[in-house]
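K.L.:
Input coords_27.pdb, format and content: PDB, C-alpha atoms.
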MODEL        1
ATOM      1  CA  MET A   1     -67.200  98.539 -95.372
ATOM      2  CA  ARG A   2     -68.434 101.694 -93.648
ATOM      3  CA  ALA A   3     -65.751 103.878 -92.100
ATOM      4  CA  TYR A   4     -64.732 107.450 -91.348
ATOM      5  CA  VAL A   5     -61.708 107.773 -93.618
ATOM      6  CA  VAL A   6     -59.524 110.842 -93.025
ATOM      7  CA  ASN A   7     -57.717 112.003 -96.184
ATOM      8  CA  GLU A   8     -56.793 115.478 -94.917
ATOM      9  CA  TRP A   9     -56.902 117.342 -91.614
ATOM     10  CA  VAL A  10     -60.471 118.508 -91.050
ATOM     11  CA  HIS A  11     -62.719 119.690 -88.268
ATOM     12  CA  PRO A  12     -64.810 116.755 -86.968
ATOM     13  CA  SER A  13     -67.972 118.452 -88.263
ATOM     14  CA  GLN A  14     -66.653 117.886 -91.794
ATOM     15  CA  LEU A  15     -66.101 114.150 -91.389
ATOM     16  CA  LYS A  16     -67.984 112.015 -93.925
ATOM     17  CA  LEU A  17     -68.979 108.376 -93.566
ATOM     18  CA  VAL A  18     -67.669 106.313 -96.486
ATOM     19  CA  ASN A  19     -69.780 103.273 -97.402
ATOM     20  CA  ASN A  20     -67.245 101.556 -99.670
ATOM     21  CA  ALA A  21     -64.017 101.847 -97.681
ATOM     22  CA  PRO A  22     -61.616  98.908 -98.163
ATOM     23  CA  GLU A  23     -61.628  96.413 -95.310
ATOM     24  CA  PRO A  24     -58.443  96.463 -93.220
ATOM     25  CA  LYS A  25     -55.977  93.665 -93.897
ATOM     26  CA  VAL A  26     -54.037  91.666 -91.349
ATOM     27  CA  THR A  27     -50.393  92.173 -92.275
ATOM     28  CA  ALA A  28     -48.429  91.332 -89.109
ATOM     29  CA  SER A  29     -48.030  87.965 -87.417
ATOM     30  CA  ASP A  30     -49.558  89.206 -84.142
ATOM     31  CA  GLU A  31     -52.715  90.806 -85.555
ATOM     32  CA  ILE A  32     -56.364  89.735 -85.614
ATOM     33  CA  LEU A  33     -59.442  91.083 -87.394
ATOM     34  CA  VAL A  34     -62.358  92.210 -85.233
ATOM     35  CA  ASP A  35     -65.971  92.942 -86.149
ATOM     36  CA  VAL A  36     -66.668  96.212 -84.333
ATOM     37  CA  TYR A  37     -69.975  96.360 -82.486
ATOM     38  CA  SER A  38     -69.468  99.546 -80.464
ATOM     39  CA  SER A  39     -66.833 102.282 -80.373
ATOM     40  CA  ALA A  40     -66.094 104.976 -77.816
ATOM     41  CA  LEU A  41     -65.798 108.671 -78.558
ATOM     42  CA  ASN A  42     -62.702 110.295 -77.062
ATOM     43  CA  PHE A  43     -61.642 113.923 -76.852
ATOM     44  CA  PHE A  44     -58.416 113.111 -78.652
ATOM     45  CA  ASP A  45     -60.451 111.957 -81.689
ATOM     46  CA  ILE A  46     -61.431 115.601 -82.139
ATOM     47  CA  LEU A  47     -57.774 116.625 -82.046
ATOM     48  CA  GLN A  48     -56.553 113.766 -84.251
ATOM     49  CA  ALA A  49     -58.994 114.593 -87.067
ATOM     50  CA  GLN A  50     -57.462 118.086 -87.180
ATOM     51  CA  GLY A  51     -53.816 116.991 -86.909
ATOM     52  CA  LYS A  52     -53.550 118.431 -83.398
ATOM     53  CA  TYR A  53     -52.890 115.145 -81.591
ATOM     54  CA  GLN A  54     -49.447 113.644 -80.973
ATOM     55  CA  ILE A  55     -50.369 110.501 -82.938
ATOM     56  CA  LYS A  56     -50.651 111.412 -86.621
ATOM     57  CA  PRO A  57     -51.226 108.343 -88.829
ATOM     58  CA  PRO A  58     -50.322 108.689 -92.504
ATOM     59  CA  PHE A  59     -53.224 109.497 -94.854
ATOM     60  CA  PRO A  60     -55.590 107.905 -95.463
ATOM     61  CA  PHE A  61     -56.528 106.564 -92.044
ATOM     62  CA  VAL A  62     -59.697 105.641 -90.197
ATOM     63  CA  LEU A  63     -60.599 107.609 -87.071
ATOM     64  CA  GLY A  64     -61.469 106.038 -83.702
ATOM     65  CA  ALA A  65     -59.354 104.291 -81.090
ATOM     66  CA  GLU A  66     -61.511 102.290 -78.643
ATOM     67  CA  PHE A  67     -63.877  99.408 -79.410
ATOM     68  CA  ALA A  68     -65.742  96.295 -78.350
ATOM     69  CA  GLY A  69     -66.686  93.502 -80.730
ATOM     70  CA  LYS A  70     -66.104  89.922 -81.802
ATOM     71  CA  VAL A  71     -63.120  88.240 -83.390
ATOM     72  CA  ALA A  72     -64.126  87.991 -87.064
ATOM     73  CA  LYS A  73     -64.948  84.651 -88.682
ATOM     74  CA  ASP A  74     -62.247  85.203 -91.316
ATOM     75  CA  SER A  75     -59.587  86.411 -88.874
ATOM     76  CA  PRO A  76     -56.293  84.544 -88.744
ATOM     77  CA  ILE A  77     -55.410  83.316 -85.251
ATOM     78  CA  PRO A  78     -51.722  83.992 -84.545
ATOM     79  CA  LYS A  79     -49.538  81.535 -82.703
ATOM     80  CA  GLY A  80     -49.944  82.035 -78.974
ATOM     81  CA  CYS A  81     -53.173  84.048 -79.372
ATOM     82  CA  PRO A  82     -55.792  82.812 -76.865
ATOM     83  CA  TYR A  83     -58.774  84.052 -78.878
ATOM     84  CA  LYS A  84     -60.910  82.302 -81.470
ATOM     85  CA  SER A  85     -63.522  83.391 -83.983
ATOM     86  CA  GLY A  86     -66.612  84.786 -82.265
ATOM     87  CA  ASP A  87     -64.939  85.662 -78.955
ATOM     88  CA  ARG A  88     -66.235  88.873 -77.376
ATOM     89  CA  VAL A  89     -63.363  91.298 -76.820
ATOM     90  CA  PHE A  90     -62.605  94.961 -76.186
ATOM     91  CA  GLY A  91     -59.466  96.925 -76.860
ATOM     92  CA  SER A  92     -57.758  99.760 -78.668
ATOM     93  CA  ALA A  93     -56.513 100.236 -82.214
ATOM     94  CA  GLN A  94     -56.498 102.987 -84.804
ATOM     95  CA  GLY A  95     -59.604 102.814 -86.989
ATOM     96  CA  CYS A  96     -62.531 101.919 -84.727
ATOM     97  CA  PHE A  97     -65.167 104.139 -86.352
ATOM     98  CA  ALA A  98     -65.732 101.382 -88.904
ATOM     99  CA  ASP A  99     -67.308  97.960 -89.348
ATOM    100  CA  LYS A 100     -63.975  96.168 -88.874
ATOM    101  CA  VAL A 101     -60.599  96.891 -87.341
ATOM    102  CA  VAL A 102     -57.218  95.167 -87.278
ATOM    103  CA  VAL A 103     -55.620  95.026 -83.851
ATOM    104  CA  LYS A 104     -52.672  93.332 -82.164
ATOM    105  CA  TRP A 105     -54.106  90.476 -80.140
ATOM    106  CA  GLN A 106     -52.096  91.612 -77.129
ATOM    107  CA  ALA A 107     -54.121  94.870 -77.187
ATOM    108  CA  VAL A 108     -57.473  93.154 -76.634
ATOM    109  CA  ILE A 109     -59.067  91.738 -73.493
ATOM    110  CA  PRO A 110     -61.972  89.311 -73.100
ATOM    111  CA  LEU A 111     -65.250  91.175 -72.559
ATOM    112  CA  PRO A 112     -66.962  89.871 -69.407
ATOM    113  CA  ASP A 113     -70.312  88.195 -70.015
ATOM    114  CA  ASN A 114     -72.072  90.640 -67.715
ATOM    115  CA  LEU A 115     -71.055  93.665 -69.817
ATOM    116  CA  THR A 116     -72.608  94.792 -73.117
ATOM    117  CA  PHE A 117     -70.612  95.902 -76.158
ATOM    118  CA  ASP A 118     -71.670  99.493 -75.420
ATOM    119  CA  GLN A 119     -70.252  99.207 -71.901
ATOM    120  CA  GLY A 120     -67.119  97.426 -73.088
ATOM    121  CA  ALA A 121     -66.250  99.925 -75.820
ATOM    122  CA  GLY A 122     -65.201 102.572 -73.306
ATOM    123  CA  LEU A 123     -63.148 100.421 -70.932
ATOM    124  CA  TYR A 124     -59.716 100.043 -72.467
ATOM    125  CA  LEU A 125     -58.286 103.544 -72.031
ATOM    126  CA  THR A 126     -60.488 105.107 -69.360
ATOM    127  CA  TRP A 127     -60.515 102.635 -66.495
ATOM    128  CA  PRO A 128     -56.814 101.691 -66.295
ATOM    129  CA  THR A 129     -55.934 105.380 -66.528
ATOM    130  CA  SER A 130     -58.014 106.178 -63.459
ATOM    131  CA  TYR A 131     -57.007 103.028 -61.584
ATOM    132  CA  GLU A 132     -53.270 103.386 -62.091
ATOM    133  CA  ALA A 133     -53.417 107.091 -61.284
ATOM    134  CA  LEU A 134     -55.172 106.532 -57.965
ATOM    135  CA  VAL A 135     -53.513 103.249 -56.977
ATOM    136  CA  GLY A 136     -50.151 103.105 -58.719
ATOM    137  CA  ARG A 137     -49.200 106.775 -58.622
ATOM    138  CA  ALA A 138     -51.073 108.492 -55.772
ATOM    139  CA  GLU A 139     -51.292 105.305 -53.650
ATOM    140  CA  LEU A 140     -54.723 106.347 -52.404
ATOM    141  CA  LYS A 141     -55.552 104.788 -49.029
ATOM    142  CA  PRO A 142     -58.860 104.020 -47.297
ATOM    143  CA  GLY A 143     -60.035 106.985 -45.267
ATOM    144  CA  GLU A 144     -58.238 109.581 -47.391
ATOM    145  CA  SER A 145     -60.067 112.311 -49.278
ATOM    146  CA  VAL A 146     -59.868 112.907 -53.010
ATOM    147  CA  LEU A 147     -61.028 115.803 -55.195
ATOM    148  CA  ILE A 148     -61.932 114.666 -58.714
ATOM    149  CA  ASN A 149     -62.237 117.432 -61.294
ATOM    150  CA  ALA A 150     -64.477 117.000 -64.353
ATOM    151  CA  ALA A 151     -65.943 114.138 -62.368
ATOM    152  CA  ALA A 152     -68.870 113.452 -64.722
ATOM    153  CA  GLY A 153     -66.626 112.761 -67.733
ATOM    154  CA  GLY A 154     -65.263 109.421 -68.910
ATOM    155  CA  VAL A 155     -62.143 109.147 -66.770
ATOM    156  CA  GLY A 156     -63.706 111.301 -64.068
ATOM    157  CA  ILE A 157     -66.715 109.112 -63.315
ATOM    158  CA  ALA A 158     -64.452 106.051 -63.392
ATOM    159  CA  ALA A 159     -62.181 107.747 -60.849
ATOM    160  CA  VAL A 160     -65.171 108.548 -58.621
ATOM    161  CA  GLN A 161     -66.286 104.907 -58.571
ATOM    162  CA  LEU A 162     -62.774 103.590 -58.059
ATOM    163  CA  ALA A 163     -61.959 106.008 -55.246
ATOM    164  CA  LYS A 164     -65.184 104.968 -53.492
ATOM    165  CA  ALA A 165     -64.327 101.292 -53.979
ATOM    166  CA  LEU A 166     -60.900 101.982 -52.461
ATOM    167  CA  GLY A 167     -62.505 103.431 -49.337
ATOM    168  CA  ALA A 168     -61.828 107.124 -49.927
ATOM    169  CA  THR A 169     -64.088 110.103 -49.278
ATOM    170  CA  VAL A 170     -64.891 111.512 -52.717
ATOM    171  CA  ILE A 171     -65.525 115.166 -53.532
ATOM    172  CA  ALA A 172     -66.700 115.382 -57.152
ATOM    173  CA  ALA A 173     -66.250 118.692 -58.959
ATOM    174  CA  ALA A 174     -67.947 119.728 -62.195
ATOM    175  CA  GLY A 175     -69.328 122.823 -63.892
ATOM    176  CA  SER A 176     -73.096 122.320 -63.682
ATOM    177  CA  GLN A 177     -75.679 120.943 -61.294
ATOM    178  CA  SER A 178     -76.812 118.335 -63.821
ATOM    179  CA  LYS A 179     -73.296 116.925 -64.006
ATOM    180  CA  LEU A 180     -72.930 116.992 -60.230
ATOM    181  CA  ASP A 181     -76.143 114.969 -60.034
ATOM    182  CA  ILE A 182     -74.553 112.407 -62.402
ATOM    183  CA  CYS A 183     -71.572 112.139 -60.052
ATOM    184  CA  LYS A 184     -73.858 111.216 -57.176
ATOM    185  CA  MET A 185     -76.216 109.006 -59.163
ATOM    186  CA  TYR A 186     -73.678 106.971 -61.163
ATOM    187  CA  GLY A 187     -70.479 107.509 -59.204
ATOM    188  CA  GLY A 188     -71.618 107.505 -55.611
ATOM    189  CA  ALA A 189     -69.711 110.689 -54.751
ATOM    190  CA  ASP A 190     -69.914 111.705 -51.090
ATOM    191  CA  TYR A 191     -69.898 115.430 -51.847
ATOM    192  CA  THR A 192     -70.159 117.639 -54.926
ATOM    193  CA  VAL A 193     -68.738 121.084 -55.672
ATOM    194  CA  ASN A 194     -69.320 123.382 -58.647
ATOM    195  CA  TYR A 195     -65.903 124.680 -59.673
ATOM    196  CA  THR A 196     -67.378 127.560 -61.666
ATOM    197  CA  ALA A 197     -68.542 129.156 -58.394
ATOM    198  CA  LYS A 198     -66.415 131.885 -56.823
ATOM    199  CA  ASP A 199     -64.010 130.602 -54.150
ATOM    200  CA  TRP A 200     -65.227 127.035 -54.616
ATOM    201  CA  GLN A 201     -62.096 125.799 -52.874
ATOM    202  CA  LYS A 202     -63.483 127.128 -49.570
ATOM    203  CA  GLU A 203     -66.301 124.579 -49.859
ATOM    204  CA  VAL A 204     -63.718 121.805 -50.252
ATOM    205  CA  LEU A 205     -61.837 123.051 -47.205
ATOM    206  CA  LYS A 206     -65.090 123.150 -45.241
ATOM    207  CA  ILE A 207     -65.897 119.554 -46.216
ATOM    208  CA  THR A 208     -62.435 118.404 -45.110
ATOM    209  CA  GLY A 209     -62.527 120.285 -41.810
ATOM    210  CA  GLY A 210     -59.952 122.800 -43.011
ATOM    211  CA  LYS A 211     -57.365 120.142 -43.841
ATOM    212  CA  GLY A 212     -57.777 120.021 -47.613
ATOM    213  CA  VAL A 213     -57.867 116.905 -49.790
ATOM    214  CA  ASP A 214     -55.166 114.263 -49.761
ATOM    215  CA  VAL A 215     -55.372 113.687 -53.514
ATOM    216  CA  VAL A 216     -56.402 115.839 -56.484
ATOM    217  CA  TYR A 217     -57.310 114.021 -59.716
ATOM    218  CA  ASP A 218     -57.402 116.391 -62.693
ATOM    219  CA  PRO A 219     -58.040 115.530 -66.374
ATOM    220  CA  VAL A 220     -58.908 119.074 -67.527
ATOM    221  CA  GLY A 221     -56.229 121.514 -66.414
ATOM    222  CA  ARG A 222     -57.428 122.807 -63.025
ATOM    223  CA  ILE A 223     -54.442 121.700 -60.923
ATOM    224  CA  ALA A 224     -53.306 125.250 -60.103
ATOM    225  CA  GLU A 225     -56.637 126.342 -58.627
ATOM    226  CA  SER A 226     -57.023 123.000 -56.842
ATOM    227  CA  LEU A 227     -53.752 123.529 -54.972
ATOM    228  CA  LYS A 228     -55.651 126.069 -52.858
ATOM    229  CA  CYS A 229     -57.518 123.208 -51.207
ATOM    230  CA  ILE A 230     -54.925 120.419 -51.129
ATOM    231  CA  ALA A 231     -53.652 119.037 -47.830
ATOM    232  CA  PHE A 232     -50.133 119.096 -46.424
ATOM    233  CA  LYS A 233     -48.201 116.351 -48.237
ATOM    234  CA  GLY A 234     -51.081 116.020 -50.706
ATOM    235  CA  ARG A 235     -50.663 114.427 -54.127
ATOM    236  CA  ALA A 236     -51.884 116.100 -57.319
ATOM    237  CA  LEU A 237     -52.479 113.890 -60.362
ATOM    238  CA  VAL A 238     -52.073 115.425 -63.817
ATOM    239  CA  ILE A 239     -54.238 113.297 -66.142
ATOM    240  CA  GLY A 240     -54.829 115.633 -69.072
ATOM    241  CA  PHE A 241     -55.719 119.083 -70.359
ATOM    242  CA  ALA A 242     -59.197 118.659 -71.835
ATOM    243  CA  ALA A 243     -59.901 122.360 -71.239
ATOM    244  CA  GLY A 244     -57.335 123.076 -73.954
ATOM    245  CA  GLN A 245     -54.571 124.875 -72.046
ATOM    246  CA  ILE A 246     -51.423 123.309 -70.620
ATOM    247  CA  GLU A 247     -51.056 124.700 -67.127
ATOM    248  CA  LYS A 248     -48.180 126.576 -65.566
ATOM    249  CA  LEU A 249     -48.037 125.741 -61.870
ATOM    250  CA  PRO A 250     -47.028 128.039 -58.983
ATOM    251  CA  LEU A 251     -44.193 125.915 -57.640
ATOM    252  CA  ASN A 252     -44.035 127.999 -54.462
ATOM    253  CA  LEU A 253     -47.240 126.211 -53.379
ATOM    254  CA  VAL A 254     -45.644 122.856 -54.141
ATOM    255  CA  LEU A 255     -42.794 123.852 -51.835
ATOM    256  CA  LEU A 256     -44.822 125.485 -49.052
ATOM    257  CA  LYS A 257     -47.395 122.679 -48.793
ATOM    258  CA  ASN A 258     -44.899 119.824 -49.235
ATOM    259  CA  ILE A 259     -47.031 118.394 -52.035
ATOM    260  CA  SER A 260     -46.250 116.077 -54.931
ATOM    261  CA  VAL A 261     -47.368 116.701 -58.502
ATOM    262  CA  MET A 262     -47.358 113.530 -60.584
ATOM    263  CA  GLY A 263     -48.428 112.628 -64.099
ATOM    264  CA  LEU A 264     -50.100 109.549 -65.499
ATOM    265  CA  HIS A 265     -49.742 108.589 -69.162
ATOM    266  CA  TRP A 266     -51.209 105.089 -69.316
ATOM    267  CA  GLY A 267     -50.279 104.593 -72.972
ATOM    268  CA  LEU A 268     -46.591 104.730 -72.051
ATOM    269  CA  TYR A 269     -46.842 101.611 -69.879
ATOM    270  CA  ALA A 270     -46.840  99.335 -72.937
ATOM    271  CA  HIS A 271     -43.285 100.513 -73.642
ATOM    272  CA  LYS A 272     -41.928 101.397 -70.210
ATOM    273  CA  GLU A 273     -43.612  99.005 -67.782
ATOM    274  CA  PRO A 274     -45.563  96.316 -69.662
ATOM    275  CA  SER A 275     -45.542  93.981 -66.660
ATOM    276  CA  ARG A 276     -47.858  96.396 -64.827
ATOM    277  CA  ILE A 277     -50.649  96.189 -67.428
ATOM    278  CA  PRO A 278     -51.978  92.671 -66.646
ATOM    279  CA  VAL A 279     -51.802  93.445 -62.925
ATOM    280  CA  VAL A 280     -54.010  96.511 -63.355
ATOM    281  CA  TRP A 281     -56.509  94.636 -65.545
ATOM    282  CA  LYS A 282     -56.697  91.702 -63.135
ATOM    283  CA  GLU A 283     -57.569  94.039 -60.288
ATOM    284  CA  LEU A 284     -60.063  95.973 -62.420
ATOM    285  CA  MET A 285     -61.807  92.805 -63.622
ATOM    286  CA  GLU A 286     -62.167  91.630 -60.044
ATOM    287  CA  LEU A 287     -63.824  94.934 -59.172
ATOM    288  CA  PHE A 288     -66.177  94.693 -62.177
ATOM    289  CA  ALA A 289     -67.080  91.099 -61.265
ATOM    290  CA  SER A 290     -67.822  92.126 -57.682
ATOM    291  CA  GLY A 291     -70.220  94.836 -58.858
ATOM    292  CA  ARG A 292     -68.348  97.520 -56.926
ATOM    293  CA  ILE A 293     -67.657  99.415 -60.152
ATOM    294  CA  LYS A 294     -69.714  99.591 -63.348
ATOM    295  CA  PRO A 295     -69.167 101.344 -66.702
ATOM    296  CA  VAL A 296     -71.187 104.534 -67.125
ATOM    297  CA  VAL A 297     -72.524 105.124 -70.640
ATOM    298  CA  TYR A 298     -74.025 108.448 -71.791
ATOM    299  CA  ASP A 299     -77.757 107.998 -72.294
ATOM    300  CA  LYS A 300     -77.701 109.021 -75.964
ATOM    301  CA  ILE A 301     -76.156 106.195 -77.986
ATOM    302  CA  PHE A 302     -74.925 107.508 -81.342
ATOM    303  CA  SER A 303     -75.196 105.571 -84.598
ATOM    304  CA  LEU A 304     -72.184 105.328 -86.917
ATOM    305  CA  ASN A 305     -73.788 108.011 -89.085
ATOM    306  CA  GLU A 306     -73.780 110.316 -86.075
ATOM    307  CA  VAL A 307     -70.076 110.270 -85.166
ATOM    308  CA  PRO A 308     -69.640 114.001 -86.063
ATOM    309  CA  ILE A 309     -72.675 114.837 -83.895
ATOM    310  CA  GLY A 310     -71.274 112.794 -81.027
ATOM    311  CA  LEU A 311     -67.836 114.401 -81.255
ATOM    312  CA  ASP A 312     -69.475 117.833 -81.331
ATOM    313  CA  ALA A 313     -71.435 117.022 -78.167
ATOM    314  CA  LEU A 314     -68.259 115.714 -76.519
ATOM    315  CA  GLY A 315     -66.328 118.845 -77.488
ATOM    316  CA  LYS A 316     -69.065 121.067 -76.081
ATOM    317  CA  ARG A 317     -68.990 119.187 -72.735
ATOM    318  CA  GLU A 318     -72.604 118.108 -73.246
ATOM    319  CA  THR A 319     -71.950 114.416 -72.567
ATOM    320  CA  TRP A 320     -71.229 112.576 -69.343
ATOM    321  CA  GLY A 321     -69.751 109.165 -68.665
ATOM    322  CA  LYS A 322     -68.552 107.503 -71.845
ATOM    323  CA  ALA A 323     -70.124 108.549 -75.146
ATOM    324  CA  ILE A 324     -70.625 105.488 -77.346
ATOM    325  CA  VAL A 325     -71.213 104.758 -81.037
ATOM    326  CA  ARG A 326     -73.216 101.606 -81.717
ATOM    327  CA  ILE A 327     -72.154 100.040 -85.024
ATOM    328  CA  LYS A 328     -73.846  96.634 -84.858
ATOM    329  CA  ASP A 329     -76.386  95.164 -82.480
ATOM    330  CA  GLU A 330     -75.884  91.978 -80.483
ATOM    331  CA  LYS A 331     -77.323  89.853 -83.314
ATOM    332  CA  GLN A 332     -74.655  91.024 -85.787
ATOM    333  CA  ARG A 333     -77.031  93.183 -87.814
ATOM    334  CA  VAL A 334     -75.872  96.651 -88.727
ATOM    335  CA  ALA A 335     -77.388  98.998 -86.180
ATOM    336  CA  ALA A 336     -80.111 101.199 -87.587
ATOM    337  CA  LYS A 337     -79.702 104.956 -87.448
ATOM    338  CA  LEU A 338     -81.068 106.132 -84.110
TER     339      LEU A 338
ENDMDL
END
Written as structure tokens, that's how I'd like the structure from this file.
P.N.:
Amino acid sequence: MRAYVVNEWVHPSQLKLVNNAPEPKVTASDEILVDVYSSALNFFDILQAQGKYQIKPPFPFVLGAEFAGKVAKDSPIPKGCPYKSGDRVFGSAQGCFADKVVVKWQAVIPLPDNLTFDQGAGLYLTWPTSYEALVGRAELKPGESVLINAAAGGVGIAAVQLAKALGATVIAAAGSQSKLDICKMYGGADYTVNYTAKDWQKEVLKITGGKGVDVVYDPVGRIAESLKCIAFKGRALVIGFAAGQIEKLPLNLVLLKNISVMGLHWGLYAHKEPSRIPVVWKELMELFASGRIKPVVYDKIFSLNEVPIGLDALGKRETWGKAIVRIKDEKQRVAAKL
């Protein structure tokens, strides 16, 4: 099969598509084989290829972690598994930049009929991260205000939509006007702020009538500067450090403003609080079915041949929404190079 096989730590630009990679084998009693139709590009793929991510599979391994596809015709169906051959699913497993992937059946979810494979490929990690951060951790309430940094990115645009659906006033922050336009067009943000402008926090304070925002959602590493425009008893959500630097926070501001700083690592829930996972997905699926939220896919769909190009664009902050790799089309043919 075709796959991006990593035999040594390399920069993503050096990744090579292998056309004769061995197909993955189901070896555990709870695994199924999935034909991958679309995969999502994630920032951590860039790190993992170089050995800079916390998850380091043994060589050789296939890159990619998020997918949508169909249960393969030749897949075994484990006892208790609700899926059958041909079922449309999305999920997460190591090795998604390939024609096939082996995944634990508990780590896949039925893909709603009203969503395409391209839309489904970017759901599994992004949406529950944003939902649990806003609902489970920050307990965002209708009428509150929320500042979402890097709001045009994958988790960011999901957070914008979710915060709107929850009844909050959304201030979307990004580094260019084109990305701020995306936040309004696809996210429905109430206000936008360019955080590369000098004293941008004053604009946030002006929008909130001097109060500051109730919640800060930050996946890039701008918590410290955002504390200048957070409200009394505000909640700051640490989602990630996509800008590359782990922040050091001025704890005097945490004390003086009576604020809470909280983290969200969704991947840990499978081990620490597995009962929460189906609850989050039930609520998310209800929101998708209602049409109040909708996956946002970057308008350039990459072919499997173009994974290095896609990762380069992602690393350079050129993409918005979820960047997707289309591996097969809906009729099971291998997707042509775009």
K.L.:
Go through region 114-180 of chain A residue by residue and, counting all atoms listed in the file, keep those with an atom at most 9 Å from region 235-256 of chain A; for each kept residue give the shortest atom pair and its distance in Å to one decimal, ordered by chain and increasing number, as a Markdown table.
P.N.:
| residue | atom | partner | partner_atom | distance |
| --- | --- | --- | --- | --- |
| A:Thr129 | CA | A:Ile239 | CA | 8.1 |
| A:Ser130 | CA | A:Ile239 | CA | 8.5 |
| A:Ala133 | CA | A:Leu237 | CA | 6.9 |
| A:Leu134 | CA | A:Leu237 | CA | 8.2 |
| A:Arg137 | CA | A:Leu237 | CA | 8.0 |
| A:Ala138 | CA | A:Arg235 | CA | 6.2 |
| A:Val155 | CA | A:Ile239 | CA | 9.0 |
K.L.:
By how many Å are CA of Ala231 (chain A) and CA of Glu144 (chain A) apart?
P.N.:
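Pair CA of Ala231 (chain A) / CA of Glu144 (chain A) returns 10.5 Å.
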K.L.:
Quick one: pull the distance between CA of Trp127 (chain A) and CA of Glu283 (chain A), Å, one decimal.
P.N.:
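Answer for the CA of Trp127 (chain A) to CA of Glu283 (chain A) separation: 11.0 Å.
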K.L.:
Mind telling me what the PyMOL selection byres ((chain A and resi 184-188) around 10) catches here, as number ranges by chain?
P.N.:
A: 151-152, 156-165, 170-172, 179-183, 189-192, 293-297, 321
K.L.:
Counting all atoms listed in the file, which residue out of A:Gly212, A:Pro219, A:Gly291, A:Gly86 sits closest to Phe232 (chain A)?
P.N.:
A:Gly212
K.L.:
Quick check on the file I pasted: which residues fall under the PyMOL selection byres ((chain A and resi 195) around 9)? Write them as a ChimeraX atom specification.
P.N.:
/A:149,173-176,193-194,196-201
K.L.:
Around the point (-63.7, 98.8, -79.2), in the coordinates given by the file, pick out the residues reaching within 12 Å, counting all atoms listed in the file, and return them as number ranges by chain.
P.N.:
A: 34-42, 64-71, 88-103, 107-111, 116-125, 324-328
K.L.:
So, counting all atoms listed in the file, which residue among A:Glu225, A:Ala72, A:Lys322, A:Leu311 is closest to Gln14 (chain A)?
P.N.:
A:Leu311
K.L.:
For the atom pair CA of Lys141 (chain A) and CA of Thr208 (chain A), what is the interatomic distance in Å to one decimal place?
P.N.:
15.8 Å
K.L.:
Which residues come within 9 Å of region 43-48 of chain A, counting all atoms listed in the file, excluding same-chain residues fewer than 5 positions away, as number ranges by chain?
P.N.:
A: 9, 11-12, 53-57, 63-65, 242, 311-312, 314-315
K.L.:
With only C-alpha atoms as the atoms that count, which of A:Met285, A:Ala3, A:Val204, A:Val146 lies nearest to Pro60 (chain A)?
P.N.:
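Answer, going by the shortest atom-to-atom distance: A:Ala3.
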